[in-house]
Structures are given as structure tokens and as C-alpha cells.
file protein.txt (compact mmCIF, C-alpha atoms)
# COMPACT_ATOMS: atom_id res chain seq x y z
CA MET G 17 -72.99 -2.78 -74.91
CA SER G 18 -70.59 -0.27 -73.38
CA ARG G 19 -67.46 0.01 -75.49
CA LYS G 20 -65.59 1.72 -72.66
CA LEU G 21 -65.79 -1.56 -70.73
CA GLY G 22 -63.75 -3.30 -73.43
CA GLN G 23 -66.40 -5.92 -74.16
CA HIS G 24 -65.94 -8.28 -77.08
CA PHE G 25 -68.53 -11.07 -77.13
CA LEU G 26 -67.50 -14.60 -78.11
CA VAL G 27 -69.97 -15.85 -80.73
CA ASN G 28 -68.32 -19.11 -81.85
CA LYS G 29 -70.42 -21.81 -80.16
CA ASN G 30 -67.71 -24.46 -80.55
CA LYS G 31 -65.26 -22.30 -78.60
CA ILE G 32 -67.86 -21.58 -75.94
CA GLN G 33 -68.35 -25.33 -75.55
CA LYS G 34 -64.57 -25.73 -75.16
CA ILE G 35 -64.71 -23.35 -72.19
CA VAL G 36 -67.48 -25.41 -70.58
CA GLU G 37 -65.53 -28.64 -71.16
CA ALA G 38 -62.40 -27.10 -69.60
CA LEU G 39 -64.39 -26.38 -66.42
CA GLU G 40 -64.82 -30.14 -65.90
CA LEU G 41 -68.17 -29.53 -64.26
CA LYS G 42 -69.72 -32.03 -61.92
CA LYS G 43 -73.28 -32.22 -60.66
CA GLY G 44 -73.95 -29.44 -58.17
CA ASP G 45 -70.77 -27.42 -58.84
CA VAL G 46 -71.07 -23.69 -58.23
CA VAL G 47 -69.83 -21.52 -61.10
CA VAL G 48 -68.90 -17.85 -60.80
CA GLU G 49 -68.98 -16.18 -64.21
CA ILE G 50 -67.36 -12.80 -64.79
CA GLY G 51 -68.75 -10.61 -67.57
CA PRO G 52 -71.54 -12.86 -68.92
CA GLY G 53 -72.55 -10.24 -71.50
CA HIS G 54 -75.56 -11.61 -73.40
CA GLY G 55 -75.39 -14.95 -71.57
CA GLU G 56 -73.93 -17.18 -74.29
CA LEU G 57 -71.58 -19.01 -71.90
CA THR G 58 -74.18 -18.92 -69.12
CA THR G 59 -76.62 -20.69 -71.43
CA GLU G 60 -74.11 -23.44 -72.29
CA ILE G 61 -73.40 -24.09 -68.61
CA ARG G 62 -77.12 -24.22 -67.87
CA ASN G 63 -77.75 -26.61 -70.76
CA ASN G 64 -75.40 -29.30 -69.44
CA LYS G 65 -78.19 -30.42 -67.07
CA LEU G 66 -75.83 -30.88 -64.13
CA GLU G 67 -77.86 -28.48 -61.98
CA ASN G 68 -74.92 -26.12 -61.59
CA ARG G 69 -75.64 -22.96 -59.63
CA ILE G 70 -74.35 -19.95 -61.56
CA ILE G 71 -73.46 -16.59 -60.02
CA ALA G 72 -72.91 -14.19 -62.92
CA ILE G 73 -71.29 -10.80 -62.28
CA GLU G 74 -72.01 -8.18 -64.94
CA LYS G 75 -70.81 -4.58 -64.70
CA ASP G 76 -72.97 -3.17 -67.51
CA LYS G 77 -76.39 -2.25 -66.11
CA ILE G 78 -78.24 -2.74 -69.41
CA LEU G 79 -76.70 -6.18 -69.94
CA ALA G 80 -77.39 -7.17 -66.33
CA ASN G 81 -81.07 -6.29 -66.72
CA GLY G 82 -81.19 -8.22 -69.99
CA LEU G 83 -79.69 -11.27 -68.30
CA ARG G 84 -82.24 -11.15 -65.47
CA GLU G 85 -85.01 -11.15 -68.03
CA LYS G 86 -83.39 -13.92 -70.09
CA PHE G 87 -82.91 -16.23 -67.11
CA LYS G 88 -85.91 -15.18 -65.00
CA ASP G 89 -87.25 -18.75 -64.99
CA ASN G 90 -83.93 -20.29 -63.90
CA ASN G 91 -83.69 -20.51 -60.11
CA ASN G 92 -80.08 -21.71 -60.30
CA ILE G 93 -78.87 -18.54 -62.02
CA GLU G 94 -78.23 -15.36 -60.06
CA ILE G 95 -77.24 -12.12 -61.80
CA ILE G 96 -75.21 -9.64 -59.78
CA GLU G 97 -74.73 -6.16 -61.21
CA GLY G 98 -71.33 -4.86 -60.21
CA ASP G 99 -67.59 -4.73 -60.76
CA ALA G 100 -66.06 -8.17 -60.22
CA LEU G 101 -62.76 -6.58 -59.22
CA LYS G 102 -64.51 -4.87 -56.31
CA ILE G 103 -66.95 -7.54 -55.13
CA LEU G 104 -65.19 -10.84 -55.80
CA THR G 105 -63.31 -10.93 -52.49
CA ASP G 106 -66.45 -10.33 -50.42
CA LEU G 107 -68.38 -12.83 -52.53
CA THR G 108 -65.94 -15.64 -51.70
CA TYR G 109 -66.54 -15.04 -47.99
CA ASN G 110 -70.29 -14.93 -48.56
CA SER G 111 -72.51 -17.85 -47.62
CA LYS G 112 -73.16 -18.31 -51.34
CA LEU G 113 -69.67 -19.74 -51.69
CA THR G 114 -69.13 -21.69 -48.50
CA THR G 115 -67.85 -24.58 -50.59
CA ASN G 116 -64.23 -24.55 -51.78
CA ASN G 117 -65.26 -26.52 -54.86
CA TYR G 118 -66.60 -23.58 -56.80
CA LYS G 119 -65.19 -22.75 -60.23
CA LEU G 120 -64.70 -19.43 -61.97
CA THR G 121 -64.92 -18.54 -65.64
CA GLY G 122 -65.36 -15.63 -67.98
CA ASN G 123 -64.53 -13.95 -71.26
CA ILE G 124 -62.86 -11.01 -69.59
CA PRO G 125 -61.83 -7.62 -70.99
CA TYR G 126 -58.10 -7.68 -71.71
CA TYR G 127 -57.33 -4.62 -69.60
CA ILE G 128 -58.50 -6.21 -66.33
CA THR G 129 -56.52 -9.47 -66.71
CA GLY G 130 -53.63 -8.44 -64.46
CA SER G 131 -55.86 -6.98 -61.75
CA LEU G 132 -58.17 -9.99 -61.79
CA LEU G 133 -55.29 -12.46 -61.45
CA ARG G 134 -53.87 -10.46 -58.54
CA ILE G 135 -57.22 -10.48 -56.73
CA LEU G 136 -57.69 -14.21 -57.35
CA SER G 137 -54.18 -14.93 -56.06
CA GLU G 138 -55.01 -13.17 -52.79
CA LEU G 139 -58.28 -15.01 -52.14
CA GLU G 140 -58.21 -17.23 -49.10
CA ASN G 141 -60.99 -19.31 -50.62
CA LYS G 142 -59.75 -19.77 -54.18
CA PRO G 143 -61.76 -21.43 -56.95
CA LEU G 144 -60.88 -25.03 -57.64
CA LEU G 145 -60.56 -24.23 -61.34
CA ILE G 146 -60.37 -20.97 -63.28
CA VAL G 147 -61.08 -20.94 -67.02
CA LEU G 148 -60.69 -17.60 -68.75
CA THR G 149 -60.62 -16.22 -72.26
CA ILE G 150 -57.74 -13.74 -72.39
CA GLN G 151 -55.35 -12.21 -74.89
CA LYS G 152 -53.27 -14.89 -76.65
CA GLU G 153 -49.90 -13.30 -75.88
CA VAL G 154 -50.78 -12.89 -72.19
CA ALA G 155 -51.78 -16.55 -71.95
CA GLN G 156 -48.45 -17.55 -73.49
CA ARG G 157 -46.57 -15.39 -71.00
CA ILE G 158 -48.45 -16.95 -68.09
CA CYS G 159 -47.52 -20.46 -69.25
CA ALA G 160 -43.89 -19.63 -70.06
CA LYS G 161 -40.99 -21.84 -68.97
CA PRO G 162 -37.22 -21.22 -69.10
CA PRO G 163 -35.71 -19.59 -71.10
CA GLN G 164 -38.81 -17.38 -71.45
CA MET G 165 -39.62 -17.09 -67.75
CA ASN G 166 -41.09 -13.71 -66.82
CA LEU G 167 -42.71 -11.86 -63.94
CA LEU G 168 -46.31 -12.77 -64.85
CA ALA G 169 -45.40 -16.46 -65.17
CA ALA G 170 -43.46 -16.47 -61.89
CA ILE G 171 -46.37 -14.89 -60.03
CA THR G 172 -49.21 -16.91 -61.60
CA GLN G 173 -47.45 -20.28 -61.54
CA PHE G 174 -46.76 -19.80 -57.84
CA TRP G 175 -50.44 -20.36 -57.05
CA THR G 176 -51.76 -22.16 -60.14
CA GLU G 177 -50.89 -24.73 -62.74
CA PRO G 178 -51.74 -22.99 -66.03
CA LYS G 179 -52.57 -24.64 -69.33
CA ILE G 180 -53.65 -23.17 -72.66
CA ILE G 181 -56.67 -25.16 -73.82
CA GLU G 182 -57.19 -23.62 -77.24
CA TYR G 183 -56.59 -20.45 -79.23
CA ILE G 184 -59.46 -18.31 -80.50
CA SER G 185 -59.34 -16.14 -83.61
CA LYS G 186 -60.27 -12.49 -83.21
CA ASN G 187 -62.90 -13.15 -85.90
CA ASP G 188 -64.86 -15.27 -83.39
CA PHE G 189 -65.78 -12.13 -81.42
CA ARG G 190 -68.20 -9.28 -81.96
CA PRO G 191 -67.09 -6.57 -82.20
CA ILE G 192 -63.82 -7.94 -83.59
CA PRO G 193 -60.84 -7.10 -81.32
CA LYS G 194 -57.37 -6.29 -82.61
CA VAL G 195 -55.72 -9.48 -81.33
CA ASP G 196 -56.40 -13.20 -81.00
CA SER G 197 -57.35 -14.82 -77.70
CA ALA G 198 -56.76 -18.04 -75.80
CA ILE G 199 -58.75 -20.20 -73.43
CA ILE G 200 -56.53 -20.73 -70.39
CA ARG G 201 -57.23 -23.06 -67.46
CA LEU G 202 -55.68 -22.36 -64.08
CA THR G 203 -55.76 -25.21 -61.57
CA THR G 204 -55.25 -23.56 -58.21
CA TYR G 205 -52.92 -24.63 -55.43
CA ASN G 206 -54.66 -24.62 -52.06
CA PRO G 207 -52.78 -26.25 -49.15
CA GLU G 208 -55.91 -28.03 -47.90
CA ARG G 209 -56.27 -29.83 -51.22
CA LYS G 210 -54.33 -33.01 -51.71
CA GLN G 211 -53.19 -32.27 -55.24
CA ALA G 212 -51.51 -28.98 -54.54
CA SER G 213 -49.30 -27.20 -52.08
CA TYR G 214 -47.66 -24.50 -54.19
CA GLY G 215 -46.01 -27.07 -56.40
CA ALA G 216 -43.59 -29.90 -55.76
CA GLY G 217 -44.99 -30.51 -52.28
CA GLN G 218 -43.79 -27.17 -50.93
CA GLN G 219 -46.18 -25.20 -48.75
CA PHE G 220 -45.91 -21.45 -48.14
CA THR G 221 -47.47 -19.42 -45.37
CA THR G 222 -49.17 -16.12 -46.21
CA GLU G 223 -46.08 -14.28 -44.97
CA GLU G 224 -43.78 -16.41 -47.13
CA ALA G 225 -46.03 -15.89 -50.15
CA GLU G 226 -45.87 -12.12 -49.69
CA LYS G 227 -42.10 -12.36 -49.45
CA TYR G 228 -42.02 -14.39 -52.65
CA TYR G 229 -44.12 -11.85 -54.57
CA LYS G 230 -41.87 -9.00 -53.44
CA PHE G 231 -38.81 -11.01 -54.38
CA VAL G 232 -39.90 -11.82 -57.94
CA LYS G 233 -40.82 -8.20 -58.62
CA VAL G 234 -37.22 -7.30 -57.82
CA LEU G 235 -35.81 -10.29 -59.68
CA PHE G 236 -37.59 -9.39 -62.92
CA LYS G 237 -37.43 -5.61 -62.58
CA GLN G 238 -34.76 -5.49 -65.28
CA PRO G 239 -34.96 -8.88 -67.02
CA ARG G 240 -31.89 -8.31 -69.20
CA LYS G 241 -29.68 -7.81 -66.16
CA THR G 242 -28.04 -10.73 -64.38
CA ILE G 243 -29.72 -12.26 -61.34
CA ILE G 244 -27.02 -11.07 -59.00
CA ASN G 245 -27.09 -7.50 -60.33
CA ASN G 246 -30.86 -7.23 -59.98
CA LEU G 247 -30.69 -8.45 -56.40
CA ARG G 248 -27.67 -6.31 -55.56
CA ASP G 249 -29.38 -3.17 -56.92
CA ALA G 250 -32.29 -3.84 -54.57
CA ASN G 251 -30.02 -4.53 -51.59
CA ILE G 252 -31.42 -8.04 -51.23
CA LEU G 253 -27.99 -9.70 -51.02
CA MET G 254 -27.68 -8.87 -47.34
CA HIS G 255 -28.18 -10.54 -43.97
CA THR G 256 -28.66 -9.47 -40.38
CA ASN G 257 -25.69 -9.84 -38.00
CA TYR G 258 -25.72 -10.32 -34.23
CA THR G 259 -26.17 -6.56 -33.67
CA ASN G 260 -29.34 -6.66 -35.79
CA LYS G 261 -27.64 -4.63 -38.50
CA LYS G 262 -27.98 -5.34 -42.20
CA ILE G 263 -24.63 -6.08 -43.83
CA GLN G 264 -23.65 -7.07 -47.37
CA LEU G 265 -23.04 -10.77 -47.91
CA LYS G 266 -19.54 -11.71 -48.97
CA LYS G 267 -19.05 -12.89 -52.54
CA GLU G 268 -18.29 -16.43 -51.37
CA GLU G 269 -21.49 -16.53 -49.31
CA ILE G 270 -23.56 -15.36 -52.26
CA ILE G 271 -22.07 -17.91 -54.64
CA GLY G 272 -22.58 -20.64 -52.04
CA LYS G 273 -26.26 -19.81 -51.65
CA PHE G 274 -26.79 -19.90 -55.42
CA GLN G 275 -24.84 -23.13 -55.84
CA MET G 276 -27.12 -24.88 -53.34
CA PHE G 277 -29.73 -25.01 -56.11
CA GLY G 278 -27.49 -25.15 -59.17
CA ILE G 279 -28.00 -21.48 -60.05
CA ASN G 280 -25.39 -19.36 -61.79
CA PRO G 281 -25.62 -15.83 -60.26
CA GLN G 282 -24.43 -14.41 -63.59
CA ASP G 283 -27.41 -15.95 -65.39
CA ARG G 284 -30.54 -13.97 -66.32
CA PRO G 285 -33.90 -14.38 -64.53
CA GLN G 286 -35.59 -15.70 -67.69
CA ASN G 287 -33.51 -18.87 -67.46
CA LEU G 288 -34.64 -19.79 -63.94
CA SER G 289 -37.21 -22.48 -63.27
CA LEU G 290 -40.11 -21.81 -60.91
CA GLU G 291 -38.59 -24.11 -58.29
CA GLN G 292 -35.28 -22.25 -58.43
CA ILE G 293 -37.07 -18.93 -58.02
CA LYS G 294 -39.02 -20.24 -55.03
CA HIS G 295 -35.83 -21.51 -53.41
CA LEU G 296 -34.05 -18.21 -54.01
CA SER G 297 -36.91 -16.26 -52.41
CA THR G 298 -36.29 -18.10 -49.12
CA LEU G 299 -32.54 -17.50 -48.99
CA PHE G 300 -32.25 -13.75 -48.55
call {"tool": "encode", "arguments": {"input": "protein.txt", "output": "C-alpha cells"}}
result
Amino acid sequence: MSRKLGQHFLVNKNKIQKIVEALELKKGDVVVEIGPGHGELTTEIRNNKLENRIIAIEKDKILANGLREKFKDNNNIEIIEGDALKILTDLTYNSKLTTNNYKLTGNIPYYITGSLLRILSELENKPLLIVLTIQKEVAQRICAKPPQMNLLAAITQFWTEPKIIEYISKNDFRPIPKVDSAIIRLTTYNPERKQASYGAGQQFTTEEAEKYYKFVKVLFKQPRKTIINNLRDANILMHTNYTNKKIQLKKEEIIGKFQMFGINPQDRPQNLSLEQIKHLSTLF
């Protein structure tokens, strides 16, 4: 094990089984596993007898070699040595994942959580389900609602429906980390799927999604400031006139735009719902 990779192996078999259950696997599903370590989760997925193909990405060379030896007689398990953050995008375009019904899981190092979520959010071919073991406090932030809305929640809930499945004590890992963890399931929103179109039936183009992400970063830049002050500081409360020049919106215009969706411009971002944030991102 390489400590510099931040690896803490989940050894509680009941919790490992909870992860497998949260994946809601069906016969023939393809599973991408990030950071399989010694293969505890890989083994549980294999043992469900649903003939799931598993593509396991392990960064540690010694662990990857150990996994190849452990699963050498399993034709449905492929071990890829590499950094998931660097190869995941290419992998989803690869012929190995031509289906959009693949699922992704992993007990991931805490320090890569943000980067991994960003990469997953940008995938054109997103997993149908994502089940991760991450730091407890981060999972709670992802699932937050008003009045605890935050940047991570606003970004992640834009493309997934998150749910905390179960908490895991730090004592269920070896070596023992400093904090507790949580199993979180992210059901992704892909426009081609009937159940999702970025929430509440609203579909966003790639350009609109990029605009949304830029908007929320400004909105939550200083969470204790009012909505209107955050947007004013970033010069977002402007529009283009007939000469193609950016000019400041009048106070009445600003209030009118906010009132369209029942938003008080003097409120703080943490009190906004996801739908209100999405509406606001389209107005300026």
C-alpha cells in the first residue's frame, strides 16, 4: 500500500455489501471500480452471480499486480493500472463502455473527491449510477438543501440526484482514517434518459451548463454576502443594449427578475433552492 495515495481500505463486509446493494446491479451490467485496492468490493460484485463485467482502475502498481493475480481466472474482470482522473474520460469513449447503462463505484481517497466529481460531471457518457465511499462531511454537503445550500451541492445536484445510503465509522477502515465516511449514491441526469433532464423536466445544453457552473461559482464566492451583492461584485447584474454595450441593470429591473421566481435579492445564497439557482443562472 502506498500511503501517499491516501488509501484506507474498507474491511467491514456488511458495509461493502451495502455498496453493492446501492448499485442495484442487473444481469450483464458493466461496473467501473475506482481504487479496488485488495479487491474486497470487486469480490463482492463478482460473487453476486449476475455476470457483471468489472473494469477496475488501480493507481498503485503493486496492488494492480496483486489484483491481476487474484482474479486471473475471472474473464469478466479487467484490471487497469493507472490514474482514474486521467483515464476515465477516454475510457467512457472506449468500446468497452459503448453502453450508457454502466455504473461506477469506489472507495476513493478523500483528496480526489472534488476532482473526480468534476470529471464525472463533464462526461458525455455518464454512468447510470455512481456509488462512492467518501468523507462523511463532504457527503452531507453534497446532499444539502436550503438553508444549508452550498457550492458543492449546487454543482453536484445540477447533474445528479444524491442520496446518503449509510454512514461508515472510521474504525471500519485499515489503516484507520481521521474521520468517518459515508456511502453516497448519485443517480445521474442524462437528457436521453426518461427519468432525468437536469431535474424538474428542465434540459440544459452544454453551453447552458457551462454558464450555470460559472454562475454558481460567483453566487457562492462569498456565501455570507447577499445574493445581489455577490452578483454585483462580479458585474453579472448587467445586460447588453442595442449598441452591444454592457450596461448596469436598473434597480427595478433587478428586483423584477428576482421576483419572477420568488427570490429576495437581499437573501443569502444558502437559502436558495436548486430550482431557484437554475432559474437565476438563465436571467443574466
call {"tool": "closest_atom_pairs", "arguments": {"input": "protein.txt", "of": "segment 163-251 of chain G", "to": "segment 117-126 of chain G", "cutoff": "12 Å", "atoms": "only C-alpha atoms", "output": "tab-separated table"}}
result
residue	atom	partner	partner_atom	distance
G:Ile184	CA	G:Asn123	CA	11.4
G:Phe189	CA	G:Asn123	CA	10.4
G:Pro193	CA	G:Tyr126	CA	10.0
G:Lys194	CA	G:Tyr126	CA	11.0
G:Val195	CA	G:Tyr126	CA	10.1
G:Asp196	CA	G:Tyr126	CA	10.9
G:Ser197	CA	G:Tyr126	CA	9.3
G:Ala198	CA	G:Asn123	CA	9.9
G:Ile199	CA	G:Asn123	CA	8.8
G:Ile200	CA	G:Thr121	CA	9.9
G:Arg201	CA	G:Thr121	CA	9.1
G:Leu202	CA	G:Leu120	CA	9.7
G:Thr203	CA	G:Lys119	CA	9.8
G:Thr204	CA	G:Lys119	CA	10.2
G:Asn206	CA	G:Asn117	CA	11.1
G:Glu208	CA	G:Asn117	CA	11.8
G:Arg209	CA	G:Asn117	CA	10.2
call {"tool": "write_last_selection", "arguments": {"input": "protein.txt", "atoms": "C-alpha atoms", "output": "PDB file, keeping the file's coordinate frame"}}
result
ATOM      1  CA  ILE G 184     -59.460 -18.310 -80.500  1.00  0.00           C
ATOM      2  CA  PHE G 189     -65.780 -12.130 -81.420  1.00  0.00           C
ATOM      3  CA  PRO G 193     -60.840  -7.100 -81.320  1.00  0.00           C
ATOM      4  CA  LYS G 194     -57.370  -6.290 -82.610  1.00  0.00           C
ATOM      5  CA  VAL G 195     -55.720  -9.480 -81.330  1.00  0.00           C
ATOM      6  CA  ASP G 196     -56.400 -13.200 -81.000  1.00  0.00           C
ATOM      7  CA  SER G 197     -57.350 -14.820 -77.700  1.00  0.00           C
ATOM      8  CA  ALA G 198     -56.760 -18.040 -75.800  1.00  0.00           C
ATOM      9  CA  ILE G 199     -58.750 -20.200 -73.430  1.00  0.00           C
ATOM     10  CA  ILE G 200     -56.530 -20.730 -70.390  1.00  0.00           C
ATOM     11  CA  ARG G 201     -57.230 -23.060 -67.460  1.00  0.00           C
ATOM     12  CA  LEU G 202     -55.680 -22.360 -64.080  1.00  0.00           C
ATOM     13  CA  THR G 203     -55.760 -25.210 -61.570  1.00  0.00           C
ATOM     14  CA  THR G 204     -55.250 -23.560 -58.210  1.00  0.00           C
ATOM     15  CA  ASN G 206     -54.660 -24.620 -52.060  1.00  0.00           C
ATOM     16  CA  GLU G 208     -55.910 -28.030 -47.900  1.00  0.00           C
ATOM     17  CA  ARG G 209     -56.270 -29.830 -51.220  1.00  0.00           C
TER      18      ARG G 209
END
call {"tool": "atom_distance", "arguments": {"input": "protein.txt", "atom1": "atom CA of Ile158 of chain G", "atom2": "atom CA of Arg134 of chain G"}}
result
12.8 Å
call {"tool": "closest_atom_pairs", "arguments": {"input": "protein.txt", "of": "segment 131-152 of chain G", "to": "segment 101-110 of chain G", "cutoff": "8 Å", "atoms": "all atoms listed in the file", "output": "tab-separated table"}}
result
residue	atom	partner	partner_atom	distance
G:Ser131	CA	G:Leu101	CA	7.4
G:Leu132	CA	G:Leu101	CA	6.3
G:Ile135	CA	G:Leu101	CA	7.2
G:Leu139	CA	G:Thr105	CA	6.5
G:Asn141	CA	G:Thr108	CA	6.3
G:Lys142	CA	G:Thr108	CA	7.8
call {"tool": "residues_around", "arguments": {"input": "protein.txt", "residues": "Pro281 of chain G", "least_positions_apart": "3", "cutoff": "12 Å", "atoms": "all atoms listed in the file", "output": "ChimeraX atom specification"}}
result
/G:235,241-248,253,267-278,284-285,287-288,292,296
call {"tool": "write_last_selection", "arguments": {"input": "protein.txt", "atoms": "C-alpha atoms", "output": "tab-separated table (two decimals), in the coordinates of the input"}}
result
chain	number	residue	atom	x	y	z
G	235	LEU	CA	-35.81	-10.29	-59.68
G	241	LYS	CA	-29.68	-7.81	-66.16
G	242	THR	CA	-28.04	-10.73	-64.38
G	243	ILE	CA	-29.72	-12.26	-61.34
G	244	ILE	CA	-27.02	-11.07	-59.00
G	245	ASN	CA	-27.09	-7.50	-60.33
G	246	ASN	CA	-30.86	-7.23	-59.98
G	247	LEU	CA	-30.69	-8.45	-56.40
G	248	ARG	CA	-27.67	-6.31	-55.56
G	253	LEU	CA	-27.99	-9.70	-51.02
G	267	LYS	CA	-19.05	-12.89	-52.54
G	268	GLU	CA	-18.29	-16.43	-51.37
G	269	GLU	CA	-21.49	-16.53	-49.31
G	270	ILE	CA	-23.56	-15.36	-52.26
G	271	ILE	CA	-22.07	-17.91	-54.64
G	272	GLY	CA	-22.58	-20.64	-52.04
G	273	LYS	CA	-26.26	-19.81	-51.65
G	274	PHE	CA	-26.79	-19.90	-55.42
G	275	GLN	CA	-24.84	-23.13	-55.84
G	276	MET	CA	-27.12	-24.88	-53.34
G	277	PHE	CA	-29.73	-25.01	-56.11
G	278	GLY	CA	-27.49	-25.15	-59.17
G	284	ARG	CA	-30.54	-13.97	-66.32
G	285	PRO	CA	-33.90	-14.38	-64.53
G	287	ASN	CA	-33.51	-18.87	-67.46
G	288	LEU	CA	-34.64	-19.79	-63.94
G	292	GLN	CA	-35.28	-22.25	-58.43
G	296	LEU	CA	-34.05	-18.21	-54.01
call {"tool": "residues_around", "arguments": {"input": "protein.txt", "residues": "Ile252 of chain G", "least_positions_apart": "2", "cutoff": "9 Å", "atoms": "only C-alpha atoms", "output": "compact mmCIF listing (two decimals) with C-alpha atoms, keeping the file's coordinate frame"}}
result
# COMPACT_ATOMS: atom_id res chain seq x y z
CA PHE G 231 -38.81 -11.01 -54.38
CA VAL G 234 -37.22 -7.30 -57.82
CA ASN G 246 -30.86 -7.23 -59.98
CA LEU G 247 -30.69 -8.45 -56.40
CA ARG G 248 -27.67 -6.31 -55.56
CA ASP G 249 -29.38 -3.17 -56.92
CA ALA G 250 -32.29 -3.84 -54.57
CA MET G 254 -27.68 -8.87 -47.34
CA HIS G 255 -28.18 -10.54 -43.97
CA GLN G 264 -23.65 -7.07 -47.37
CA PHE G 300 -32.25 -13.75 -48.55
call {"tool": "closest_residue", "arguments": {"input": "protein.txt", "among": "G:Thr298, G:Asn91, G:Asn251, G:Asn68", "to": "Glu223 of chain G", "atoms": "all atoms listed in the file"}}
result
G:Thr298
call {"tool": "atom_distance", "arguments": {"input": "protein.txt", "atom1": "atom CA of Ile71 of chain G", "atom2": "atom CA of Gly55 of chain G"}}
result
11.8 Å
call {"tool": "residues_around", "arguments": {"input": "protein.txt", "residues": "Ala38 of chain G", "least_positions_apart": "2", "cutoff": "9 Å", "atoms": "all atoms listed in the file", "output": "PyMOL selection string"}}
result
chain G and resi 33-36+40-41+145+147+181+199-201
call {"tool": "residues_around", "arguments": {"input": "protein.txt", "residues": "Ile73 of chain G", "least_positions_apart": "2", "cutoff": "8 Å", "atoms": "all atoms listed in the file", "output": "list in words"}}
result
Val48, Glu49, Ile50, Gly51, Pro52, Ile71, Lys75, Ile95, Ile96, Glu97, Gly98, Asp99 and Ala100 of chain G
call {"tool": "closest_residue", "arguments": {"input": "protein.txt", "among": "G:Pro178, G:Leu148, G:Lys227, G:Thr58", "to": "Ala160 of chain G", "atoms": "all atoms listed in the file"}}
result
G:Pro178
call {"tool": "atom_distance", "arguments": {"input": "protein.txt", "atom1": "atom CA of Val154 of chain G", "atom2": "atom CA of Ala169 of chain G"}}
result
9.5 Å
call {"tool": "closest_residue", "arguments": {"input": "protein.txt", "among": "G:Leu265, G:Leu66, G:Leu57, G:Met165", "to": "Ile293 of chain G", "atoms": "all atoms listed in the file"}}
result
G:Met165
call {"tool": "build_atoms", "arguments": {"input": "protein.txt", "residues": "segment 57-72 of chain G", "atoms": "N, CA, C and O atoms", "output": "short mmCIF file (atom, residue, chain, number, x, y, z; two decimals), in the frame of the given file"}}
result
data_model
loop_
_atom_site.label_atom_id
_atom_site.label_comp_id
_atom_site.auth_asym_id
_atom_site.auth_seq_id
_atom_site.Cartn_x
_atom_site.Cartn_y
_atom_site.Cartn_z
N LEU G 57 -72.25 -17.99 -72.70
CA LEU G 57 -71.58 -19.01 -71.90
C LEU G 57 -72.49 -19.49 -70.77
O LEU G 57 -72.54 -20.69 -70.46
N THR G 58 -73.22 -18.57 -70.18
CA THR G 58 -74.18 -18.92 -69.12
C THR G 58 -75.17 -19.97 -69.62
O THR G 58 -75.48 -20.93 -68.92
N THR G 59 -75.65 -19.77 -70.84
CA THR G 59 -76.62 -20.69 -71.43
C THR G 59 -76.02 -22.08 -71.61
O THR G 59 -76.66 -23.09 -71.32
N GLU G 60 -74.76 -22.14 -72.08
CA GLU G 60 -74.11 -23.44 -72.29
C GLU G 60 -73.92 -24.18 -70.97
O GLU G 60 -74.08 -25.40 -70.90
N ILE G 61 -73.57 -23.46 -69.92
CA ILE G 61 -73.40 -24.09 -68.61
C ILE G 61 -74.74 -24.61 -68.11
O ILE G 61 -74.85 -25.72 -67.59
N ARG G 62 -75.78 -23.81 -68.30
CA ARG G 62 -77.12 -24.22 -67.87
C ARG G 62 -77.59 -25.46 -68.63
O ARG G 62 -78.22 -26.36 -68.06
N ASN G 63 -77.24 -25.53 -69.91
CA ASN G 63 -77.75 -26.61 -70.76
C ASN G 63 -77.09 -27.96 -70.51
O ASN G 63 -77.52 -28.97 -71.08
N ASN G 64 -76.06 -28.00 -69.66
CA ASN G 64 -75.40 -29.30 -69.44
C ASN G 64 -76.18 -30.20 -68.48
O ASN G 64 -75.80 -31.36 -68.27
N LYS G 65 -77.25 -29.64 -67.90
CA LYS G 65 -78.19 -30.42 -67.07
C LYS G 65 -77.54 -31.05 -65.83
O LYS G 65 -77.97 -32.08 -65.34
N LEU G 66 -76.50 -30.40 -65.34
CA LEU G 66 -75.83 -30.88 -64.13
C LEU G 66 -76.29 -30.11 -62.89
O LEU G 66 -75.73 -30.26 -61.81
N GLU G 67 -77.30 -29.27 -63.09
CA GLU G 67 -77.86 -28.48 -61.98
C GLU G 67 -76.80 -27.62 -61.31
O GLU G 67 -76.76 -27.48 -60.08
N ASN G 68 -75.95 -27.01 -62.12
CA ASN G 68 -74.92 -26.12 -61.59
C ASN G 68 -75.54 -24.77 -61.20
O ASN G 68 -76.29 -24.19 -61.97
N ARG G 69 -75.21 -24.30 -60.02
CA ARG G 69 -75.64 -22.96 -59.63
C ARG G 69 -74.66 -21.96 -60.23
O ARG G 69 -73.43 -22.13 -60.13
N ILE G 70 -75.18 -20.94 -60.88
CA ILE G 70 -74.35 -19.95 -61.56
C ILE G 70 -74.55 -18.58 -60.91
O ILE G 70 -75.68 -18.11 -60.75
N ILE G 71 -73.44 -17.97 -60.52
CA ILE G 71 -73.46 -16.59 -60.02
C ILE G 71 -72.72 -15.75 -61.05
O ILE G 71 -71.50 -15.85 -61.20
N ALA G 72 -73.48 -14.96 -61.81
CA ALA G 72 -72.91 -14.19 -62.92
C ALA G 72 -72.77 -12.72 -62.53
O ALA G 72 -73.75 -12.09 -62.11
#
